[in-house]
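Colleague: Okay, handing you the structure first.
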Amino acid sequence: MELLKMLSTSEIVAQIISFLLLFFLLRIFAWNKVLALLDARREKIAAEFREIEEVKAEVAKIKADYEAQLAAIDQTAARKIQEAVIAAKQVSEDIRKQAHGEAERIIRSGRESAQFELSKTKEVLKNEIVDLVIKTVKGVIGETLTGEQDERMIEEFLQKIEKAE
Amino acid sequence: MNEEQGLPPELPDILKILSKSISSVPIGQNLYLWENIVFSLLVIAVLSFVAYRATRKPTLVPGRLQNAVEVIVGGLDDFVCGILGPKGRKYVPFIGTLFVYIFTMNMIGLIPFLKSPTASWSTTLALALCVFVYVQYTAVKELGIGGYLDHLAGQPRGAMAYTVIMPVFIFFLHVIAELIRPLSLSLRLRSNVWGDELLLAVLSGFGLGGLPLLVFNMAMAVLMGIVQTVVFCILTTIYFALVLSHEHEPTAAISEK
C-alpha cells in the first residue's frame, strides 16, 4: 500500500498521453520517413549490386568470347604456319628435285661433251699420228708409199696402239 | 527540503527552485508536482524537433543529423526485426519510440537542474501499461480471442491436453504473469533510475571531496541508463515475440515431420 502511494493516476494518464503523442509525432517525422528512406537506399544499393553483377557477368562473357577468339586465332595461326611450313617443304623439295635434275642434266651434257671432245681429240690425234708416221717412214725409207701401203701400215700401227692401250 | 521532511535526498531541479521562488502564487506551490510531466514534454519536444529537422528534407546521401537519426532508426529496426523477424517491422515504431523516449528521459537527469521523469513510478508504469495494452491487443488481433485464451492455457500441451486441471492452472498462471509484467517492467526501470538519482544526490552533498566519486557514478549512471533502456525494450520485444510465435508453429511442425 505504501508503494501505491507513489503513484498518481493523473500523472499516469498524462504520461500515457505524452507517450502516445511522441509515438505519433515520431511516426510521422521519423519512423515512416526514415524506414522508407532506408528501404529505398537498401533497394537502390541492392539494384546497383545486381547491375554490377550483371555487368561483371557480361564482362566475363565478353572476356570468355575474346579468349575463345584469341584461342581460335592462335589455332588458325598455328595451322597456317603448319601449312606454310608444309608448303615451304614442298617448294624446297621441288627446288631440290629440280636442281638435282638440272645437275644431272648438266653432268650428262658435260659427259657427252667430254665424250665428244675425247672422240674428236682421238680423231685429231689419229690423223696427226698418221701424218707423223708417213713423214717418219718417208724419212727412213726415202720414198713415198702408195696409198694402199700407207693404209695397210697405218692400220697395223693403229691396231698395235689400241692393243697397247 | 526532503531531508528535513524525512524523505530521501533529491537533486534540485529548475521546477523545484521555481516552485520555491514563486510559492506565493497558487500555481507555484504545486508546480513541482508536475515536474515529471513537464520534463517528459521537454523530452518529447526535443525528440520531435530533432526528428523533424533530420527528416525535413531527406536525401539518399544524408547529412550529419539525418545520418545520426538513420543510424538510430536502422539499428532499432535491425534489433526488433532480429528478434521478431520480418513481421517485426510493424512494431519498430512503437519499440523504437519507447527506446529513444526512455533513454532520453534517463539521460536528462544527469544534466544539472533537470530531472529524469523515469525516476517516477507513474512515468514507468504509464509506459509499461502502454506496452501491456499493445501486446494484449496484438495477441487478440493475431491469434483471435479463442486462440489467445488457448495460448494462455499453455502450448504445446502434449499429454496434458487430456486433463482439465493442468490447462486451467496454467491459464491462471499465465494471466497472473501477464498482469505482473507491467509491474516488473516499470519497477525495474524506476528503481534503477531513482537509485542512481538518489546516489548522485547523496554524493553531491559531499562537496568537492566527493567529486571524483560523483563523476564516476555519473559515468555509471550513463551505463545504467543505456542498460535499463535496452532491458525494457528487449523485454517488450520478447512479449511481442511470445504472442507472435504461435503463427510459425504449424510451419515448424510440418518441417519437423
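Chain labels follow the order of the C-alpha cells: the first chain is A, the next B, and so on; residue numbering restarts at 1 in every chain, and ligands are counted from 1 in their shown order.
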Compile the residues of chain B that lie within 9 Å of chain A, evaluated using only C-alpha atoms, and express the compilation as an NGL selection string.
Modeller: :B and (34 or 36-37 or 40-41 or 44-45 or 47-48 or 51-56 or 58-60 or 66 or 69-70 or 73-74 or 77 or 92-94 or 96-98 or 101 or 120-127 or 129-130)
Colleague: Going by DSSP on the backbone, which residues of segment 100-149 of chain B come out as helix (DSSP H, G or I)? List them as number ranges by chain.
Modeller: B: 100-108, 117-119, 121-149
Colleague: Those same residues - N, CA and C atoms - I'd like them written as a compact mmCIF listing (two decimals), in the first residue's frame.
Modeller:
# COMPACT_ATOMS: atom_id res chain seq x y z
N VAL B 100 13.96 5.49 -27.58
CA VAL B 100 14.52 6.86 -27.57
C VAL B 100 13.92 7.68 -26.43
N TYR B 101 12.66 7.43 -26.13
CA TYR B 101 11.98 8.18 -25.06
C TYR B 101 12.59 7.84 -23.69
N ILE B 102 12.68 6.55 -23.41
CA ILE B 102 13.22 6.13 -22.11
C ILE B 102 14.68 6.54 -21.99
N PHE B 103 15.45 6.33 -23.06
CA PHE B 103 16.87 6.67 -23.00
C PHE B 103 17.07 8.16 -22.72
N THR B 104 16.32 8.99 -23.43
CA THR B 104 16.47 10.44 -23.24
C THR B 104 16.02 10.84 -21.84
N MET B 105 14.92 10.25 -21.39
CA MET B 105 14.45 10.59 -20.03
C MET B 105 15.47 10.13 -18.98
N ASN B 106 16.11 9.00 -19.21
CA ASN B 106 17.15 8.54 -18.28
C ASN B 106 18.32 9.51 -18.26
N MET B 107 18.66 10.01 -19.42
CA MET B 107 19.87 10.84 -19.54
C MET B 107 19.68 12.27 -19.04
N ILE B 108 18.49 12.82 -19.17
CA ILE B 108 18.37 14.25 -18.80
C ILE B 108 18.52 14.45 -17.29
N PRO B 117 12.35 11.88 -15.63
CA PRO B 117 10.95 11.50 -15.34
C PRO B 117 10.83 10.00 -15.05
N THR B 118 11.80 9.20 -15.53
CA THR B 118 11.74 7.76 -15.29
C THR B 118 12.06 7.38 -13.84
N ALA B 119 12.47 8.37 -13.06
CA ALA B 119 12.68 8.10 -11.62
C ALA B 119 11.33 8.03 -10.90
N TRP B 121 7.63 6.34 -10.58
CA TRP B 121 6.96 5.07 -10.93
C TRP B 121 5.77 5.33 -11.84
N SER B 122 5.12 6.48 -11.66
CA SER B 122 3.96 6.80 -12.50
C SER B 122 4.36 6.84 -13.98
N THR B 123 5.53 7.42 -14.25
CA THR B 123 6.00 7.50 -15.64
C THR B 123 6.27 6.11 -16.20
N THR B 124 7.04 5.33 -15.46
CA THR B 124 7.42 4.00 -15.98
C THR B 124 6.20 3.07 -16.06
N LEU B 125 5.28 3.23 -15.08
CA LEU B 125 4.07 2.39 -15.13
C LEU B 125 3.21 2.77 -16.34
N ALA B 126 3.16 4.06 -16.65
CA ALA B 126 2.40 4.51 -17.82
C ALA B 126 2.96 3.85 -19.08
N LEU B 127 4.30 3.82 -19.18
CA LEU B 127 4.93 3.20 -20.36
C LEU B 127 4.66 1.68 -20.37
N ALA B 128 4.79 1.06 -19.19
CA ALA B 128 4.57 -0.38 -19.10
C ALA B 128 3.11 -0.73 -19.42
N LEU B 129 2.18 0.15 -19.03
CA LEU B 129 0.77 -0.09 -19.36
C LEU B 129 0.54 0.01 -20.87
N CYS B 130 1.22 0.96 -21.49
CA CYS B 130 1.12 1.07 -22.96
C CYS B 130 1.60 -0.22 -23.61
N VAL B 131 2.73 -0.73 -23.11
CA VAL B 131 3.27 -2.00 -23.64
C VAL B 131 2.25 -3.12 -23.41
N PHE B 132 1.72 -3.19 -22.20
CA PHE B 132 0.77 -4.25 -21.83
C PHE B 132 -0.45 -4.24 -22.76
N VAL B 133 -1.02 -3.04 -22.93
CA VAL B 133 -2.23 -2.93 -23.76
C VAL B 133 -1.92 -3.29 -25.21
N TYR B 134 -0.79 -2.81 -25.72
CA TYR B 134 -0.46 -3.07 -27.12
C TYR B 134 -0.17 -4.56 -27.35
N VAL B 135 0.50 -5.18 -26.38
CA VAL B 135 0.81 -6.62 -26.51
C VAL B 135 -0.50 -7.43 -26.49
N GLN B 136 -1.40 -7.08 -25.56
CA GLN B 136 -2.68 -7.81 -25.48
C GLN B 136 -3.49 -7.61 -26.77
N TYR B 137 -3.50 -6.36 -27.25
CA TYR B 137 -4.22 -6.05 -28.49
C TYR B 137 -3.64 -6.87 -29.65
N THR B 138 -2.31 -6.92 -29.72
CA THR B 138 -1.64 -7.68 -30.79
C THR B 138 -1.97 -9.16 -30.68
N ALA B 139 -1.96 -9.68 -29.44
CA ALA B 139 -2.24 -11.10 -29.23
C ALA B 139 -3.65 -11.44 -29.71
N VAL B 140 -4.63 -10.62 -29.33
CA VAL B 140 -6.02 -10.87 -29.73
C VAL B 140 -6.17 -10.72 -31.23
N LYS B 141 -5.51 -9.71 -31.80
CA LYS B 141 -5.61 -9.45 -33.24
C LYS B 141 -4.98 -10.59 -34.04
N GLU B 142 -3.83 -11.05 -33.60
CA GLU B 142 -3.10 -12.08 -34.36
C GLU B 142 -3.67 -13.48 -34.12
N LEU B 143 -4.07 -13.77 -32.89
CA LEU B 143 -4.49 -15.14 -32.55
C LEU B 143 -6.01 -15.29 -32.47
N GLY B 144 -6.72 -14.19 -32.34
CA GLY B 144 -8.16 -14.26 -32.09
C GLY B 144 -8.38 -14.50 -30.61
N ILE B 145 -9.59 -14.22 -30.14
CA ILE B 145 -9.84 -14.34 -28.69
C ILE B 145 -9.67 -15.80 -28.25
N GLY B 146 -10.26 -16.70 -29.03
CA GLY B 146 -10.15 -18.13 -28.69
C GLY B 146 -8.71 -18.60 -28.72
N GLY B 147 -8.00 -18.18 -29.76
CA GLY B 147 -6.59 -18.55 -29.89
C GLY B 147 -5.75 -18.01 -28.76
N TYR B 148 -6.08 -16.78 -28.35
CA TYR B 148 -5.31 -16.15 -27.27
C TYR B 148 -5.57 -16.88 -25.95
N LEU B 149 -6.84 -17.24 -25.70
CA LEU B 149 -7.16 -17.99 -24.47
C LEU B 149 -6.47 -19.36 -24.51
Colleague: Please, what distance in Å, to one decimal, runs between atom CA of Ser204 of chain B and atom CA of Ala219 of chain B?
Modeller: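 That distance, rounded to one decimal, is 14.4 Å.
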Colleague: Tell me, in Å to one decimal, how far atom CA of Gly109 of chain B is from atom CA of Glu197 of chain B.
Modeller: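 Computing it gives 7.4 Å between the two atoms.
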Colleague: Which neighbours of Asp196 of chain B fall inside 9 Å, counting only C-alpha atoms, when residues of the same chain fewer than 5 positions from it are skipped, and could you give them as an MDAnalysis selection string?
Modeller: chainID B and resid 119 191 201 217:218 220:221 224
